[in-house]
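J.: Let me give you the structure first, and then I'll get to my questions.
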Amino acid sequence: MGKKALEGLRVLEMGQLIAGPSASRLLAEFGAEVIKVESPKTGDPIRAWRVVENGTSLWWYVQSRNKKSITINLRESEGQQLICELVKEVDILIENFRPGTMEKWGLGYEDLKAINPRLIMIRVSGYGQDGPYRDKAGFGSIGEAMGGLRYITGYPDRPPTRVGISIGDSLSALYAVIGALMAVYHRDTKGTGEGQVIDVALYESVFSLMESTLPEFDRAGLIRERTGSTLPGITPSNTYICADGKYVVIGANGDAIFKRLMNVMGYPEIAEDPRFENNTKRSEHADYLDKLIEEWTKSMPFTKVMEYLDEAKVPAGSIYSIEDIVNDAHYQAREMIREVAVEGLGTLKMPGIVPKMSETPGEIEWAGPKLGQHTDEILKEKIHLSDEQINALKEHGII
């Protein structure tokens, strides 16, 4: 395999759980050398989250693949000094502590910039590094709520619900990576040689994806509410039940697609009816169209519905469980279900790499490491400590 896109980029990850570590995982998948700093003895709490086998979370092996693990006690001055030495050797530092924590340890951006002016520092937090809420504790769930996502998620007659994953953290990780790569371009390709801070707030990452909600409120006083499986103003686009109890998701809100749907359903007169000629007009009759479509889907089993819709080139599909995903031929053909060797487990299925790059593809080189597996290696190679110095740090509980 040829060179990877980020080969030669060195990243120091000082974070835990989801947002910061997810960002460094993405960088590691495309060749960056990621050194993950964990606390001695306990490590990242995600090592013990959800389903645990042989003492380690299955999630850990995915979240920390391709990373190197070192242990450093960041609350001790000797540990902080080790970070300062490592900062001299890296391009990017990722941290997701509460604002002010790094400064308390003498590891704020100004401190580290004095050591390495080229350093790019990614700071992920609930509310950002400034503003009246900066010191509040913030998790992804709170960011999803404050960012507006949870308000519109669910059904109007029930309390707001959540997406079944930590979507706020994952969105923040994506923005962190985007910011890091833009900063690397500014520093290296443009030749400025300047590092900088990337300040990523969880609530802002969510809010940035809220589409037209803000301008619609500003100009029309519209507050978008929970609408269940529908999306107001986008018609038809909904989930419909079939004769065998399975659900089909149909997105026929394009004008030409709507006509194809009506024709395949046996309603050519509706396809040409000027009352439904565009999305705005169709949205005025959304309930009628949804009822009409579901009467059709309920008349046959899911596979037959899909046969008609695929033939008519109408976007449609089933709602996949993880079992459906694992067994799906397209997922397999695109190498999105990967099997990775894990010591003590055999092989473990993991999600594949996104995005697909033709010349510098990403890869899963190894599963998440054991706690402190690379401490000696990194301290010797990066900051040239001797065996005696490393042993002394171990005796003092620093590593």
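Chain identifiers are assigned as A, B, and so on, following the order in which chains appear in the structure tokens; residues are numbered from 1 within each chain, and ligands are numbered from 1 in order of appearance.
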Can you list, as a PyMOL selection string, all residues belonging to region 94-192 of chain A that DSSP tags as alpha helix (DSSP H)?
T.: chain A and resi 101-104+109-115+140-146+167-184
J.: Leaving out Leu149 (chain A) and any residue of its chain fewer than 4 positions from it, which residues lie within 8 Å of it when counting only C-alpha atoms, given as a list in words?
T.: Glu144, Ala145, Thr153, Val206, Phe207 and Met210 of chain A
J.: Considering only C-alpha atoms, return as a compact mmCIF listing (two decimals) with N, CA, C and O atoms, in the first residue's frame whatever protein or nucleic-acid residues lie within 8 Å of region 3-11 of chain A, sequence-local ones (same chain, fewer than 2 positions apart) excluded.
T.:
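Everything below was put into part_16.txt:
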```
# COMPACT_ATOMS: atom_id res chain seq x y z
N MET A 1 0.85 -1.20 0.00
CA MET A 1 0.00 0.00 0.00
C MET A 1 0.89 1.25 0.00
O MET A 1 1.93 1.29 0.65
N GLU A 13 -2.88 13.33 21.71
CA GLU A 13 -4.26 13.38 22.17
C GLU A 13 -4.32 13.40 23.69
O GLU A 13 -3.89 12.46 24.35
N SER A 24 -9.12 12.35 16.88
CA SER A 24 -7.79 11.78 16.66
C SER A 24 -7.89 10.41 15.98
O SER A 24 -6.99 10.02 15.22
N LEU A 27 -7.93 11.02 12.29
CA LEU A 27 -6.60 11.36 11.81
C LEU A 27 -5.71 10.13 11.75
O LEU A 27 -4.94 9.94 10.79
N PHE A 30 -5.94 7.75 8.72
CA PHE A 30 -5.33 8.16 7.46
C PHE A 30 -3.83 8.44 7.60
O PHE A 30 -3.25 9.16 6.82
N GLY A 31 -3.23 7.81 8.63
CA GLY A 31 -1.78 7.77 8.68
C GLY A 31 -1.10 8.66 9.69
O GLY A 31 0.12 8.58 9.85
N ALA A 32 -1.84 9.53 10.38
CA ALA A 32 -1.20 10.36 11.41
C ALA A 32 -0.73 9.48 12.56
O ALA A 32 -1.39 8.50 12.92
N GLU A 33 0.40 9.81 13.13
CA GLU A 33 0.86 9.12 14.34
C GLU A 33 0.16 9.78 15.52
O GLU A 33 0.41 10.94 15.82
N VAL A 34 -0.71 9.05 16.17
CA VAL A 34 -1.48 9.58 17.30
C VAL A 34 -0.98 8.96 18.59
O VAL A 34 -1.02 7.73 18.75
N ILE A 35 -0.53 9.80 19.50
CA ILE A 35 -0.09 9.37 20.81
C ILE A 35 -1.15 9.78 21.81
O ILE A 35 -1.39 10.97 22.03
N GLU A 89 7.65 17.80 19.74
CA GLU A 89 7.77 16.80 18.68
C GLU A 89 6.50 16.59 17.88
O GLU A 89 6.47 15.73 17.00
N VAL A 90 5.43 17.34 18.18
CA VAL A 90 4.15 17.06 17.51
C VAL A 90 3.66 18.26 16.72
O VAL A 90 4.10 19.40 16.94
N ASP A 91 2.73 18.00 15.81
CA ASP A 91 2.10 19.04 15.00
C ASP A 91 0.81 19.54 15.62
O ASP A 91 0.48 20.73 15.53
N ILE A 92 0.05 18.60 16.21
CA ILE A 92 -1.30 18.90 16.68
C ILE A 92 -1.47 18.35 18.09
O ILE A 92 -1.03 17.24 18.39
N LEU A 93 -2.11 19.13 18.94
CA LEU A 93 -2.52 18.65 20.26
C LEU A 93 -4.04 18.74 20.34
O LEU A 93 -4.61 19.78 20.02
N ILE A 94 -4.68 17.66 20.75
CA ILE A 94 -6.14 17.64 20.91
C ILE A 94 -6.47 17.47 22.39
O ILE A 94 -5.97 16.55 23.03
N THR A 360 -4.61 7.55 -1.52
CA THR A 360 -4.05 7.47 -0.16
C THR A 360 -5.14 6.98 0.80
O THR A 360 -5.58 7.72 1.68
N PRO A 361 -5.58 5.74 0.63
CA PRO A 361 -6.68 5.26 1.46
C PRO A 361 -6.30 5.09 2.92
O PRO A 361 -5.13 4.84 3.25
N GLY A 362 -7.30 5.24 3.78
CA GLY A 362 -7.08 4.97 5.19
C GLY A 362 -7.09 3.48 5.45
O GLY A 362 -7.48 2.69 4.59
```
J.: From the set A:Lys298, A:Arg25, A:Arg162, A:Lys259, which residue has the shortest atom-to-atom contact distance to Val177 (chain A), counting only C-alpha atoms?
T.: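 So, comparing all the options, the nearest one is A:Arg25.
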J.: Which residue is closest to Val249 (chain A)? Choose from A:Asp324, A:Glu76, A:Glu294, A:Glu359 and count only C-alpha atoms.
T.: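 Closest to Val249 (chain A), using only C-alpha atoms: A:Glu294.
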J.: Could you pull the residues within 6 Å of region 191-197 of chain A, counting only C-alpha atoms, minus those fewer than 3 positions along the same chain, as JSON, numbers by chain?
T.: {"A": [117, 118, 119, 120, 121, 122, 187, 188]}
J.: Produce a file of the selected residues containing C-alpha atoms, as a tab-separated table (two decimals), in the first residue's frame.
T.:
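Output (result_9.tsv):
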```tsv
chain	number	residue	atom	x	y	z
A	117	PRO	CA	5.24	28.02	17.73
A	118	ARG	CA	4.01	25.65	15.00
A	119	LEU	CA	1.66	23.83	17.37
A	120	ILE	CA	-1.99	23.52	16.33
A	121	MET	CA	-4.15	23.09	19.43
A	122	ILE	CA	-7.64	21.67	19.08
A	187	ARG	CA	0.80	26.61	8.34
A	188	ASP	CA	2.50	24.30	5.86
```
J.: One decimal, in Å: what's the spacing between CA of Gly106 (chain A) and CA of Cys84 (chain A)?
T.: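 Calculated distance between CA of Gly106 (chain A) and CA of Cys84 (chain A) is 9.3 Å.
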J.: When you draw a straight line from CA of Arg275 (chain A) to CA of Ser237 (chain A), how long is it in Å?
T.: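 Spanning CA of Arg275 (chain A) to CA of Ser237 (chain A) is a straight-line distance of 17.3 Å.
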J.: Please provide as number ranges by chain all residues within 12 Å of Glu284 (chain A), with the sequence filter that same-chain residues fewer than 2 positions apart are discarded (counting only C-alpha atoms).
T.: A: 232-236, 275-282, 286-290
J.: Put those residues in a file: C-alpha atoms, as a PDB file, in the first residue's frame.
T.:
```
ATOM      1  CA  PRO A 232     -42.619  19.774   7.099  1.00  0.00           C
ATOM      2  CA  GLY A 233     -42.213  21.492   3.767  1.00  0.00           C
ATOM      3  CA  ILE A 234     -40.590  18.435   2.176  1.00  0.00           C
ATOM      4  CA  THR A 235     -43.299  16.325   0.503  1.00  0.00           C
ATOM      5  CA  PRO A 236     -43.576  13.411   0.176  1.00  0.00           C
ATOM      6  CA  ARG A 275     -51.993  21.055  -7.347  1.00  0.00           C
ATOM      7  CA  PHE A 276     -48.934  18.825  -6.842  1.00  0.00           C
ATOM      8  CA  GLU A 277     -46.557  20.214  -9.438  1.00  0.00           C
ATOM      9  CA  ASN A 278     -43.920  21.423  -6.992  1.00  0.00           C
ATOM     10  CA  ASN A 279     -42.780  20.849  -3.424  1.00  0.00           C
ATOM     11  CA  THR A 280     -44.481  23.953  -2.037  1.00  0.00           C
ATOM     12  CA  LYS A 281     -47.871  22.959  -3.429  1.00  0.00           C
ATOM     13  CA  ARG A 282     -47.458  19.314  -2.441  1.00  0.00           C
ATOM     14  CA  ALA A 286     -48.951  16.408   2.737  1.00  0.00           C
ATOM     15  CA  ASP A 287     -51.469  14.482   4.833  1.00  0.00           C
ATOM     16  CA  TYR A 288     -53.488  13.494   1.777  1.00  0.00           C
ATOM     17  CA  LEU A 289     -50.421  12.298  -0.126  1.00  0.00           C
ATOM     18  CA  ASP A 290     -49.027  10.385   2.850  1.00  0.00           C
TER      19      ASP A 290
END
```
J.: Using only C-alpha atoms, pick whichever of A:Glu335, A:Glu211, A:Asp135, A:Asp255 has the shortest atom-to-atom distance to Gly352 (chain A).
T.: A:Glu335
J.: From a DSSP calculation on the backbone, collect every residue of region 138-318 of chain A in strand (DSSP E) and output the set as a list in words.
T.: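 Result set for region 138-318 of chain A (strand (DSSP E)): Gln196, Val197, Ile198, Asp199, Val200, Ala201, Ser237, Asn238, Thr239, Tyr240, Ile241, Tyr247, Val248, Val249, Ile250, Gly251, Ala316, Gly317 and Ser318 of chain A.
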J.: Mind checking which residues fall within 8 Å of region 198-203 of chain A, counting only C-alpha atoms, ignoring those fewer than 3 positions away in the same chain, and posting them as JSON, numbers by chain?
T.: {"A": [120, 121, 122, 123, 124, 125, 126, 127, 128, 129, 138, 139, 140, 142, 143, 144, 145, 146, 147, 168, 169, 171, 172, 175, 176, 179, 180, 206, 207]}
J.: Go ahead and save the picked residues with N, CA and C atoms, as a JSON list (two decimals), in the first residue's frame.
T.:
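Output (result-v9.json):
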```json
[["chain", "number", "residue", "atom", "x", "y", "z"],
["A", 120, "ILE", "N", -0.56, 23.32, 16.55],
["A", 120, "ILE", "CA", -1.99, 23.52, 16.33],
["A", 120, "ILE", "C", -2.70, 22.85, 17.49],
["A", 121, "MET", "N", -3.50, 23.61, 18.23],
["A", 121, "MET", "CA", -4.15, 23.09, 19.43],
["A", 121, "MET", "C", -5.65, 23.05, 19.21],
["A", 122, "ILE", "N", -6.19, 21.85, 19.23],
["A", 122, "ILE", "CA", -7.64, 21.67, 19.08],
["A", 122, "ILE", "C", -8.24, 21.57, 20.48],
["A", 123, "ARG", "N", -9.19, 22.45, 20.77],
["A", 123, "ARG", "CA", -9.81, 22.49, 22.09],
["A", 123, "ARG", "C", -11.32, 22.25, 21.93],
["A", 124, "VAL", "N", -11.77, 21.09, 22.38],
["A", 124, "VAL", "CA", -13.18, 20.73, 22.29],
["A", 124, "VAL", "C", -13.80, 20.82, 23.68],
["A", 125, "SER", "N", -14.92, 21.54, 23.78],
["A", 125, "SER", "CA", -15.58, 21.70, 25.08],
["A", 125, "SER", "C", -17.07, 21.87, 24.86],
["A", 126, "GLY", "N", -17.82, 21.86, 25.95],
["A", 126, "GLY", "CA", -19.27, 21.99, 25.83],
["A", 126, "GLY", "C", -19.71, 23.31, 25.25],
["A", 127, "TYR", "N", -19.09, 24.41, 25.72],
["A", 127, "TYR", "CA", -19.57, 25.75, 25.38],
["A", 127, "TYR", "C", -18.52, 26.64, 24.74],
["A", 128, "GLY", "N", -17.31, 26.14, 24.54],
["A", 128, "GLY", "CA", -16.25, 26.96, 23.96],
["A", 128, "GLY", "C", -15.34, 27.53, 25.03],
["A", 129, "GLN", "N", -14.28, 28.18, 24.58],
["A", 129, "GLN", "CA", -13.25, 28.66, 25.49],
["A", 129, "GLN", "C", -13.56, 30.03, 26.10],
["A", 138, "GLY", "N", -20.12, 20.38, 30.34],
["A", 138, "GLY", "CA", -20.89, 20.16, 29.11],
["A", 138, "GLY", "C", -20.58, 18.82, 28.48],
["A", 139, "PHE", "N", -21.61, 18.02, 28.26],
["A", 139, "PHE", "CA", -21.49, 16.76, 27.53],
["A", 139, "PHE", "C", -22.21, 16.90, 26.19],
["A", 140, "GLY", "N", -22.02, 15.92, 25.32],
["A", 140, "GLY", "CA", -22.67, 15.94, 24.02],
["A", 140, "GLY", "C", -24.18, 16.04, 24.12],
["A", 142, "ILE", "N", -25.94, 17.58, 26.31],
["A", 142, "ILE", "CA", -26.32, 18.96, 26.60],
["A", 142, "ILE", "C", -26.14, 19.82, 25.35],
["A", 143, "GLY", "N", -25.08, 19.56, 24.60],
["A", 143, "GLY", "CA", -24.87, 20.28, 23.35],
["A", 143, "GLY", "C", -25.99, 20.04, 22.35],
["A", 144, "GLU", "N", -26.48, 18.80, 22.30],
["A", 144, "GLU", "CA", -27.59, 18.48, 21.39],
["A", 144, "GLU", "C", -28.86, 19.23, 21.79],
["A", 145, "ALA", "N", -29.05, 19.39, 23.10],
["A", 145, "ALA", "CA", -30.23, 20.10, 23.59],
["A", 145, "ALA", "C", -30.11, 21.59, 23.33],
["A", 146, "MET", "N", -28.99, 22.18, 23.71],
["A", 146, "MET", "CA", -28.80, 23.62, 23.54],
["A", 146, "MET", "C", -28.66, 24.01, 22.07],
["A", 147, "GLY", "N", -28.11, 23.10, 21.27],
["A", 147, "GLY", "CA", -27.93, 23.39, 19.85],
["A", 147, "GLY", "C", -29.21, 23.34, 19.04],
["A", 168, "GLY", "N", -23.76, 14.65, 19.09],
["A", 168, "GLY", "CA", -23.10, 15.93, 19.34],
["A", 168, "GLY", "C", -21.60, 15.80, 19.43],
["A", 169, "ASP", "N", -21.12, 14.75, 20.08],
["A", 169, "ASP", "CA", -19.68, 14.51, 20.18],
["A", 169, "ASP", "C", -19.08, 14.21, 18.81],
["A", 171, "LEU", "N", -20.21, 15.03, 15.83],
["A", 171, "LEU", "CA", -20.18, 16.24, 15.00],
["A", 171, "LEU", "C", -19.01, 17.13, 15.38],
["A", 172, "SER", "N", -18.78, 17.27, 16.68],
["A", 172, "SER", "CA", -17.66, 18.10, 17.14],
["A", 172, "SER", "C", -16.33, 17.52, 16.68],
["A", 175, "TYR", "N", -15.79, 18.55, 13.07],
["A", 175, "TYR", "CA", -15.35, 19.94, 12.96],
["A", 175, "TYR", "C", -13.92, 20.11, 13.46],
["A", 176, "ALA", "N", -13.54, 19.34, 14.48],
["A", 176, "ALA", "CA", -12.17, 19.41, 14.97],
["A", 176, "ALA", "C", -11.18, 18.98, 13.89],
["A", 179, "GLY", "N", -11.06, 21.64, 11.13],
["A", 179, "GLY", "CA", -10.26, 22.77, 11.59],
["A", 179, "GLY", "C", -8.78, 22.46, 11.61],
["A", 180, "ALA", "N", -8.43, 21.25, 12.06],
["A", 180, "ALA", "CA", -7.02, 20.87, 12.11],
["A", 180, "ALA", "C", -6.39, 20.86, 10.73],
["A", 206, "VAL", "N", -23.61, 21.28, 16.80],
["A", 206, "VAL", "CA", -24.99, 20.86, 16.55],
["A", 206, "VAL", "C", -25.76, 22.00, 15.86],
["A", 207, "PHE", "N", -25.66, 23.20, 16.41],
["A", 207, "PHE", "CA", -26.41, 24.35, 15.90],
["A", 207, "PHE", "C", -26.08, 24.62, 14.43]]
```
J.: Please determine, counting only C-alpha atoms, which residue among A:Thr71, A:Asn253, A:Asn391, A:Gln63 has the shortest atom-to-atom distance to Ile378 (chain A).
T.: A:Thr71
